[in-house]
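Student: Next up, structure-v7.txt (compact mmCIF, C-alpha atoms).
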# COMPACT_ATOMS: atom_id res chain seq x y z
CA MET O 123 -63.33 -54.44 -9.93
CA LEU O 124 -63.72 -52.18 -12.97
CA VAL O 125 -61.95 -49.33 -11.16
CA THR O 126 -58.98 -51.58 -10.32
CA PHE O 127 -58.80 -52.76 -13.94
CA LEU O 128 -58.82 -49.20 -15.31
CA ARG O 129 -56.21 -48.01 -12.79
CA THR O 130 -54.00 -50.99 -13.70
CA MET O 131 -54.23 -50.26 -17.44
CA ILE O 132 -53.48 -46.56 -16.97
CA LEU O 133 -50.49 -47.24 -14.73
CA TYR O 134 -49.23 -49.92 -17.13
CA LEU O 135 -49.23 -47.46 -20.03
CA VAL O 136 -47.57 -44.75 -17.93
CA VAL O 137 -44.82 -47.07 -16.65
CA VAL O 138 -44.14 -48.54 -20.12
CA PHE O 139 -43.90 -45.02 -21.56
CA GLY O 140 -41.57 -44.00 -18.74
CA ILE O 141 -39.27 -47.00 -19.19
CA ARG O 142 -39.09 -46.29 -22.93
CA LEU O 143 -38.32 -42.65 -22.13
CA MET O 144 -35.49 -43.62 -19.77
CA GLY O 145 -33.87 -45.81 -22.43
CA LYS O 146 -33.73 -49.42 -23.60
CA ARG O 147 -31.75 -51.60 -21.22
CA GLN O 148 -32.07 -55.09 -19.87
CA ILE O 149 -32.25 -55.58 -16.11
CA GLY O 150 -28.63 -56.79 -15.98
CA GLU O 151 -27.45 -53.62 -17.75
CA LEU O 152 -29.06 -51.10 -15.37
CA GLN O 153 -26.87 -48.64 -13.53
CA PRO O 154 -27.46 -48.43 -9.73
CA SER O 155 -29.53 -45.24 -10.04
CA GLU O 156 -31.67 -46.76 -12.80
CA LEU O 157 -32.28 -49.91 -10.76
CA VAL O 158 -33.39 -47.84 -7.75
CA ILE O 159 -35.78 -45.80 -9.91
CA THR O 160 -37.22 -49.00 -11.42
CA ILE O 161 -37.83 -50.55 -7.96
CA LEU O 162 -39.44 -47.36 -6.61
CA ILE O 163 -41.73 -47.01 -9.62
CA SER O 164 -42.86 -50.64 -9.36
CA ASN O 165 -43.63 -50.25 -5.63
CA ILE O 166 -45.55 -46.99 -6.12
CA ALA O 167 -47.55 -48.50 -8.99
CA THR O 168 -48.44 -51.53 -6.86
CA LEU O 169 -49.70 -49.36 -3.99
CA THR O 170 -51.70 -47.17 -6.37
CA ILE O 171 -53.43 -50.21 -7.87
CA GLU O 172 -54.23 -51.77 -4.48
CA GLU O 173 -55.42 -48.58 -2.71
CA THR O 174 -58.47 -47.78 -4.81
CA ASP O 175 -59.67 -45.22 -2.23
CA SER O 176 -56.70 -42.93 -2.88
CA PRO O 177 -56.83 -40.59 -5.90
CA MET O 178 -55.08 -41.82 -9.05
CA PHE O 179 -53.08 -38.61 -9.31
CA ALA O 180 -51.46 -39.33 -5.92
CA GLY O 181 -49.75 -42.34 -7.49
CA LEU O 182 -49.06 -40.87 -10.93
CA LEU O 183 -47.34 -37.75 -9.57
CA PRO O 184 -44.40 -39.50 -7.81
CA ILE O 185 -43.98 -41.90 -10.76
CA LEU O 186 -43.76 -39.03 -13.24
CA ALA O 187 -41.47 -37.11 -10.87
CA LEU O 188 -39.07 -40.08 -10.64
CA MET O 189 -39.06 -40.48 -14.42
CA CYS O 190 -38.28 -36.81 -14.95
CA PHE O 191 -35.56 -36.96 -12.29
CA GLU O 192 -33.92 -39.95 -13.99
CA VAL O 193 -34.01 -38.28 -17.43
CA LEU O 194 -32.48 -35.08 -16.01
CA THR O 195 -29.84 -37.02 -14.08
CA SER O 196 -28.89 -38.91 -17.27
CA PHE O 197 -28.65 -35.63 -19.18
CA PHE O 198 -26.34 -34.02 -16.62
CA CYS O 199 -24.26 -37.22 -16.34
CA LEU O 200 -23.59 -36.96 -20.08
CA LYS O 201 -22.27 -33.43 -19.52
CA SER O 202 -20.19 -34.11 -16.41
CA ALA O 203 -17.71 -36.96 -15.96
CA ARG O 204 -17.44 -36.20 -12.22
CA LEU O 205 -21.21 -36.49 -11.72
CA ARG O 206 -21.20 -39.67 -13.81
CA ARG O 207 -18.61 -41.21 -11.46
CA ILE O 208 -20.63 -40.16 -8.39
CA VAL O 209 -23.91 -41.59 -9.72
CA SER O 210 -22.68 -44.68 -11.57
CA GLY O 211 -19.26 -45.35 -10.06
CA ARG O 212 -16.21 -46.29 -12.14
CA PRO O 213 -14.91 -49.46 -13.81
CA ILE O 214 -12.41 -51.34 -11.61
CA ILE O 215 -9.64 -53.69 -12.77
CA ILE O 216 -9.62 -56.89 -10.70
CA ILE O 217 -7.27 -59.01 -12.85
CA HIS O 218 -4.03 -57.74 -14.40
CA ASP O 219 -1.63 -60.02 -16.27
CA GLY O 220 -3.26 -63.15 -14.87
CA LYS O 221 -3.10 -61.96 -11.23
CA ILE O 222 -6.17 -61.23 -9.12
CA ASP O 223 -6.25 -57.93 -7.20
CA GLN O 224 -7.67 -59.23 -3.93
CA ARG O 225 -7.88 -55.78 -2.33
CA GLU O 226 -10.19 -54.53 -5.09
CA MET O 227 -12.15 -57.78 -4.83
CA ARG O 228 -12.74 -57.15 -1.11
CA GLU O 229 -13.82 -53.55 -1.72
CA LEU O 230 -16.30 -54.70 -4.36
CA ARG O 231 -17.44 -57.59 -2.12
CA PHE O 232 -16.70 -59.81 -5.12
CA SER O 233 -16.03 -63.43 -4.11
CA ALA O 234 -13.74 -65.85 -5.94
CA ASP O 235 -16.85 -67.82 -6.91
CA ASP O 236 -18.43 -64.69 -8.41
CA LEU O 237 -15.26 -64.09 -10.40
CA MET O 238 -15.04 -67.64 -11.74
CA ILE O 239 -18.72 -67.69 -12.70
CA GLN O 240 -18.33 -64.55 -14.79
CA LEU O 241 -15.08 -65.78 -16.34
CA ARG O 242 -16.79 -69.02 -17.36
CA GLN O 243 -19.63 -67.00 -18.89
CA ASN O 244 -16.94 -65.36 -21.03
CA GLY O 245 -15.64 -68.79 -22.10
CA ILE O 246 -12.56 -68.64 -19.83
CA PHE O 247 -11.73 -71.29 -17.22
CA ARG O 248 -8.26 -70.20 -16.05
CA VAL O 249 -7.33 -66.86 -14.49
CA GLU O 250 -3.84 -67.15 -16.01
CA GLU O 251 -5.36 -66.66 -19.49
CA VAL O 252 -6.63 -63.16 -18.64
CA GLU O 253 -4.68 -59.98 -19.46
CA PHE O 254 -7.26 -57.62 -17.98
CA ALA O 255 -10.63 -58.17 -16.29
CA VAL O 256 -12.70 -55.10 -15.47
CA VAL O 257 -15.85 -54.92 -13.34
CA GLU O 258 -18.08 -52.42 -15.14
CA THR O 259 -20.39 -49.99 -13.37
CA ASN O 260 -23.37 -52.28 -13.98
CA GLY O 261 -21.59 -55.19 -12.23
CA LYS O 262 -20.69 -57.15 -15.36
CA LEU O 263 -17.18 -58.40 -16.02
CA SER O 264 -15.36 -57.39 -19.21
CA VAL O 265 -12.45 -59.69 -20.05
CA TYR O 266 -9.44 -59.15 -22.33
CA GLN O 267 -7.50 -62.35 -22.91
CA LYS O 268 -3.77 -62.71 -23.33
CA TYR O 269 -2.59 -62.84 -26.93
CA GLN O 270 -1.72 -66.53 -26.93
CA ASN O 271 -5.15 -67.47 -25.51
CA ARG O 272 -7.35 -65.43 -27.83
CA PRO O 273 -9.61 -67.17 -30.35
CA VAL O 274 -8.24 -67.52 -33.87
CA THR O 275 -9.34 -64.70 -36.21
CA PRO O 276 -9.28 -64.33 -40.01
CA GLN O 277 -6.45 -61.81 -39.59
CA VAL O 278 -4.27 -64.35 -37.76
CA LEU O 279 -4.92 -66.92 -40.48
CA SER O 280 -4.19 -64.32 -43.20
CA LEU O 281 -7.68 -64.72 -44.66
CA PRO O 282 -9.32 -61.93 -46.71
CA ASP O 283 -10.57 -59.11 -44.50
CA GLN O 284 -13.95 -58.96 -46.22
CA PRO O 285 -15.46 -62.12 -47.71
CA GLN O 286 -17.69 -61.66 -50.73
CA GLU O 287 -20.84 -62.65 -48.91
CA ASN O 288 -20.61 -61.15 -45.44
CA ALA O 289 -24.17 -59.85 -45.02
CA PRO O 290 -26.47 -61.71 -42.61
CA ALA O 291 -29.58 -63.59 -43.71
CA LEU O 292 -32.68 -61.48 -43.01
CA THR O 293 -36.26 -62.42 -42.22
CA VAL O 294 -38.37 -60.85 -44.97
CA VAL O 295 -41.72 -62.57 -44.30
CA CYS O 296 -42.98 -63.49 -40.84
CA GLU O 297 -46.34 -65.27 -40.41
CA GLY O 298 -47.64 -63.95 -43.73
CA SER O 299 -46.55 -60.34 -43.13
CA VAL O 300 -43.83 -58.77 -45.26
CA MET O 301 -41.03 -57.12 -43.26
CA HIS O 302 -40.48 -54.18 -45.61
CA GLU O 303 -37.43 -52.73 -43.82
CA ALA O 304 -35.62 -56.09 -43.85
CA LEU O 305 -36.63 -56.58 -47.48
CA ARG O 306 -35.11 -53.22 -48.39
CA ARG O 307 -31.90 -54.00 -46.50
CA SER O 308 -31.56 -57.32 -48.27
CA GLY O 309 -31.67 -55.54 -51.65
CA LYS O 310 -34.79 -57.45 -52.71
CA ASP O 311 -38.32 -56.34 -53.60
CA MET O 312 -41.86 -57.70 -53.55
CA ASN O 313 -41.47 -59.18 -57.04
CA TRP O 314 -38.58 -61.32 -55.75
CA VAL O 315 -40.64 -62.44 -52.75
CA GLU O 316 -43.64 -63.34 -54.90
CA LYS O 317 -41.48 -65.27 -57.40
CA LYS O 318 -39.81 -67.29 -54.65
CA ALA O 319 -43.20 -67.97 -53.06
CA ALA O 320 -44.71 -68.99 -56.40
CA ALA O 321 -41.82 -71.41 -56.99
CA GLN O 322 -42.99 -73.19 -53.83
CA LYS O 323 -46.64 -72.92 -54.99
CA LEU O 324 -47.42 -70.56 -52.13
CA ALA O 325 -48.98 -67.14 -51.75
CA VAL O 326 -47.15 -64.66 -49.52
CA LYS O 327 -49.93 -64.90 -46.91
CA ASP O 328 -49.32 -68.68 -46.72
CA ILE O 329 -45.65 -68.27 -45.70
CA TYR O 330 -44.87 -68.79 -42.01
CA LEU O 331 -41.22 -67.73 -42.32
CA MET O 332 -39.06 -66.58 -45.23
CA VAL O 333 -35.39 -65.76 -44.81
CA ALA O 334 -33.43 -64.02 -47.59
CA CYS O 335 -29.80 -65.18 -47.88
CA PRO O 336 -27.01 -62.92 -49.20
CA ASP O 337 -26.31 -65.28 -52.12
CA GLY O 338 -29.80 -64.68 -53.56
CA SER O 339 -31.37 -67.89 -52.25
CA CYS O 340 -34.01 -68.09 -49.57
CA ASP O 341 -35.40 -70.43 -46.92
CA ILE O 342 -39.19 -70.76 -46.80
CA VAL O 343 -41.36 -72.41 -44.16
CA ALA O 344 -45.04 -72.72 -45.13
CA LYS O 345 -47.85 -72.25 -42.65
CA GLU O 346 -49.36 -75.46 -41.39
CA ARG O 347 -52.84 -76.10 -42.74
CA GLY O 348 -55.65 -75.21 -40.41
CA ARG O 349 -53.58 -72.49 -38.66
Mind converting the file's structure to structure tokens?
Tutor:
Amino acid sequence: MLVTFLRTMILYLVVVFGIRLMGKRQIGELQPSELVITILISNIATLTIEETDSPMFAGLLPILALMCFEVLTSFFCLKSARLRRIVSGRPIIIIHDGKIDQREMRELRFSADDLMIQLRQNGIFRVEEVEFAVVETNGKLSVYQKYQNRPVTPQVLSLPDQPQENAPALTVVCEGSVMHEALRRSGKDMNWVEKKAAAQKLAVKDIYLMVACPDGSCDIVAKERGR
């Protein structure tokens, strides 16, 4: 039991390190090659954990080899557009000027239901509203609406390009811990935090959440007593 636990922890750390090394992506954003590498690594790790009679190195070696292969492939793909197309494919236009390209849809094995689901996820319910729709190499649909169907923007309404207070509100205290990077970005300091906390008769450690607003105000949520 102890051996299985130790092997699991070691493999967990190795796989997490490898995923971080290969880059930060969500599952839906993986390229085909990255998805294959992820599946292979998970299968190899599972076998290594279950087969306690086999040496640990026999499982670590192929995992490390796959990680190195993926990093090298990514490096060479950055240098070569042709290799990038071979490994990841190319974006394909399936809607142009409100008309569906059914031939491309068949080649992609993309059904009409698949298309409508992804259009709805982009807030579009009619194909006629789409100027271009492109299936990206990760399978997601990028949509460019026709001019008359685009959401209203400040530019269309002739509003100022840059409002006075355009910065986002930032979390500067989370569960009693000061988020120093967010505090610096907000243009505030610890004195400001302590003054705002004192105004609520709180110490910083008693704050559950504190959000600094661009207008100089803040929102404070105190910790519940007994927590």
Student: Could you give me, as a list in words, the residues that sit within 12 Å of (-42.9, -70.3, -42.6) in the file's coordinates, counting only C-alpha atoms?
Tutor: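 Those residues, ordered by chain and then number, are Thr293, Val294, Val295, Cys296, Glu297, Gly298, Ser299, Val300, Ala319, Gln322, Leu324, Ala325, Val326, Lys327, Asp328, Ile329, Tyr330, Leu331, Met332, Val333, Cys340, Asp341, Ile342, Val343, Ala344, Lys345, Glu346, Arg347 and Arg349 of chain O.
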Student: So how many Å separate CA of Val136 (chain O) and CA of Met189 (chain O), to one decimal?
Tutor: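 Distance between the two atoms: 10.1 Å.
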Student: Between CA of Lys323 (chain O) and CA of Arg306 (chain O), what is the spacing in Å?
Tutor: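 So the answer is 23.8 Å.
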Student: If you take only C-alpha atoms and a cut-off of 8 Å, which residues of region 157-248 of chain O touch region 140-144 of chain O, and what are their nearest atom pairs and distances in Å to one decimal, in chain and number order, as JSON lines?
Tutor:
{"residue": "O:Leu186", "atom": "CA", "partner": "O:Gly140", "partner_atom": "CA", "distance": 7.7}
{"residue": "O:Met189", "atom": "CA", "partner": "O:Gly140", "partner_atom": "CA", "distance": 6.1}
{"residue": "O:Glu192", "atom": "CA", "partner": "O:Met144", "partner_atom": "CA", "distance": 7.0}
{"residue": "O:Val193", "atom": "CA", "partner": "O:Met144", "partner_atom": "CA", "distance": 6.0}
Student: I'd like the contact shell of Ser210 (chain O) - 12 Å cut-off, all atoms listed in the file, skipping same-chain residues fewer than 2 positions apart - returned as a list in words.
Tutor: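 So, after excluding close chain neighbours, the residues are Glu151, Leu152, Gln153, Pro154, Ser155, Glu156, Leu157, Val158, Thr195, Ser196, Cys199, Leu200, Ser202, Ala203, Arg204, Leu205, Arg206, Arg207, Ile208, Arg212, Pro213, Glu258, Thr259, Asn260 and Gly261 of chain O.
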Student: Between CA of Ala334 (chain O) and CA of Ala291 (chain O), what is the spacing in Å?
Tutor: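 So the answer is 5.5 Å.
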Student: Which one is closest to His302 (chain O): O:Val315, O:Ala255, O:Asp223, O:Glu173? Count all atoms listed in the file.
Tutor: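 Using all atoms listed in the file, His302 (chain O) sits closest to O:Val315.
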Student: List as a VMD selection string the protein and nucleic acid residues near region 244-254 of chain O, meaning an atom at most 6 Å away when only C-alpha atoms are counted, but skip any in the same chain fewer than 6 places from it.
Tutor: chain O and resid 217 to 220 265 to 268
Student: Considering all atoms listed in the file, state which residue in the set O:Leu281, O:Leu133, O:Leu162, O:Ile214 is at the smallest distance from Leu182 (chain O).
Tutor: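 With all atoms listed in the file as the atom set, the closest residue is O:Leu133.
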Student: Rank nothing, just name the residue among O:Leu230, O:Leu263, O:Val274, O:Cys190 nearest to Gly211 (chain O), using all atoms listed in the file.
Tutor: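 Closest candidate: O:Leu230.
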Student: Enclose all atoms of region 134-142 of chain O listed in the file in an axis-aligned box, grow every side by 3 Å, and hand back centre and edge lengths in Å to one decimal, as JSON.
Tutor:
{"center_x": -44.2, "center_y": -47.0, "center_z": -19.8, "size_x": 16.1, "size_y": 11.9, "size_z": 12.3}
Student: Out of O:Ala289, O:Leu124, O:Val257, O:Val137, which residue has the shortest atom-to-atom distance to Ile163 (chain O) when counting only C-alpha atoms?
Tutor: O:Val137
Student: Please provide as a ChimeraX atom specification all residues within 9 Å of Tyr134 (chain O), with the sequence filter that same-chain residues fewer than 5 positions apart are discarded (counting all atoms listed in the file).
Tutor: /O:129,139,167
Student: Could you take the residues named above and write them with C-alpha atoms, as a PDB file, keeping the file's coordinate frame?
Tutor:
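As written to disk, part_8.pdb reads:
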ATOM      1  CA  ARG O 129     -56.210 -48.010 -12.790  1.00  0.00           C
ATOM      2  CA  PHE O 139     -43.900 -45.020 -21.560  1.00  0.00           C
ATOM      3  CA  ALA O 167     -47.550 -48.500  -8.990  1.00  0.00           C
TER       4      ALA O 167
END
Student: May I have the residues within 10 Å of Ile166 (chain O) as a compact mmCIF listing (two decimals) with C-alpha atoms, in the frame of the given file, using only C-alpha atoms and disregarding those fewer than 4 positions away in the same chain?
Tutor:
# COMPACT_ATOMS: atom_id res chain seq x y z
CA LEU O 133 -50.49 -47.24 -14.73
CA ILE O 161 -37.83 -50.55 -7.96
CA LEU O 162 -39.44 -47.36 -6.61
CA THR O 170 -51.70 -47.17 -6.37
CA ILE O 171 -53.43 -50.21 -7.87
CA ALA O 180 -51.46 -39.33 -5.92
CA GLY O 181 -49.75 -42.34 -7.49
CA LEU O 182 -49.06 -40.87 -10.93
CA PRO O 184 -44.40 -39.50 -7.81
CA ILE O 185 -43.98 -41.90 -10.76
